[in-house]
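In what follows, a structure is listed as structure tokens, so that the remarks can point back to it.
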Amino acid sequence: MATLDMAELQPIPETDEKPAGSSRILIWLVMLSLAGFLLPLYLIYSTLKQDNQQLEVERGNIEATLSSTPERSPEEQELTDLLLQLQQQAIMVEEARATLDASHVDWPATMAVLGSYDQSQMALNSLVQTGDQITINGQANHENAIMVYLAALQTSAHFERVSILSVTMISSSDTDTATPTQPVMPLNFTIQVVLKMRADS
């Protein structure tokens with residue numbers, strides 16, 4: 001009876017091979033994926049590079065302009081500062097003039113009346129305006145000087161109403177501090193006037 005030698009038995013080689021076309025498709029898919037990832041990065045890089053070039057050109061133009069502008073001398077700078085100050089003062093004067101015009105008060109004539117008094121008999125210490133009222137504080141040698149000044153204000157056409165608020169004696173300690181150039185008068189007085197508004201022209 002014949003026997004089967006195990007050494008003669010050979011394993012049958014497998015013939016299950018993958019087709020070559022599938023590997024090529026996989027490679028193309030990987031390449032397309034990389035291209036889809038790298039393309040936006042390239043576009044962003046190109047845009048940033050272009051913007052940077054434009055900024056460099058603008059910076060160069062600014063530096064050229066600054067380098068071509070001559071520096072001001074100290075005299076020119078001083079004159080420029082003075083011009084700015086004068087312009088600011090002119091603006092302030094114009095605003096003050098507009099305010100005075102809007103109040104419809106004849107200020108030059110009004111101040112002339114307020115300043116019309118015998119300086120040897122009395123002196124004004126302060127004038128305080130609140131709206132259409134002016135409070136006058138001063139000193140006088142005697143009551144008659146105050147009454148004369150009060151009557152002059154009352155007869156003026158620039159005030160609606162004139163009233164005397166107070167007349168007080170100055171203490172002896174205050175009069176002791178008087179000097180030949182700054183005498184202290186014995187009476188303090190306070191007068192209040194109401195301004196008369198002029199009609200629009």
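By convention in this document, the chains of the structure tokens carry letters A, B, ... by their order, each chain's residues are numbered from 1, and ligands are numbered from 1 in the order they are shown.
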Practice task
Quick one: pick out all strand (DSSP E or B) residues within segment 43-166 of chain A from a backbone DSSP run and write them as a list in words.
Solution key: Met122, Ala123, Leu124, Asn125, Ser126, Leu127, Val128, Gln129, Thr130, Gln133, Ile134, Thr135, Ile136, Asn137, Gly138, Gln139, Ala140, Phe159, Glu160, Arg161, Val162, Ser163, Ile164, Leu165 and Ser166 of chain A
Would you save the residues of that selection, restricted to C-alpha atoms, as an mmCIF file, in the first residue's frame?
```
data_model
loop_
_atom_site.group_PDB
_atom_site.id
_atom_site.type_symbol
_atom_site.label_atom_id
_atom_site.label_comp_id
_atom_site.auth_asym_id
_atom_site.auth_seq_id
_atom_site.Cartn_x
_atom_site.Cartn_y
_atom_site.Cartn_z
ATOM 1 C CA MET A 122 -15.833 157.717 48.910
ATOM 2 C CA ALA A 123 -14.359 154.682 47.177
ATOM 3 C CA LEU A 124 -15.798 151.557 45.566
ATOM 4 C CA ASN A 125 -14.397 148.229 46.742
ATOM 5 C CA SER A 126 -16.240 145.814 44.434
ATOM 6 C CA LEU A 127 -18.930 145.472 41.786
ATOM 7 C CA VAL A 128 -20.629 142.062 41.613
ATOM 8 C CA GLN A 129 -23.085 141.283 38.806
ATOM 9 C CA THR A 130 -25.748 138.604 39.216
ATOM 10 C CA GLN A 133 -28.435 143.114 39.208
ATOM 11 C CA ILE A 134 -25.183 144.748 40.310
ATOM 12 C CA THR A 135 -24.187 144.886 43.970
ATOM 13 C CA ILE A 136 -21.875 147.801 44.827
ATOM 14 C CA ASN A 137 -19.698 147.680 47.935
ATOM 15 C CA GLY A 138 -17.760 150.751 49.036
ATOM 16 C CA GLN A 139 -16.570 153.083 51.755
ATOM 17 C CA ALA A 140 -17.394 156.704 52.463
ATOM 18 C CA PHE A 159 -31.062 151.529 35.955
ATOM 19 C CA GLU A 160 -34.576 150.272 36.545
ATOM 20 C CA ARG A 161 -34.238 150.373 40.313
ATOM 21 C CA VAL A 162 -31.631 151.574 42.842
ATOM 22 C CA SER A 163 -31.713 150.682 46.524
ATOM 23 C CA ILE A 164 -29.329 150.954 49.436
ATOM 24 C CA LEU A 165 -28.927 147.684 51.344
ATOM 25 C CA SER A 166 -26.726 148.686 54.271
#
```
Problem - Given only C-alpha atoms as the counted atoms, nearest of A:Met111, A:Asp132, A:Glu58, A:Glu63 to Gln192 of chain A - result: A:Asp132
Problem - alpha helix (DSSP H) residues, from DSSP on the backbone, in segment 80-190 of chain A, as a ChimeraX atom specification - result: /A:80-103,107-114,143-154,172-175
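The spacing separating atom CA of Leu150 of chain A from atom CA of Gly115 of chain A amounts to 12.1 Å.
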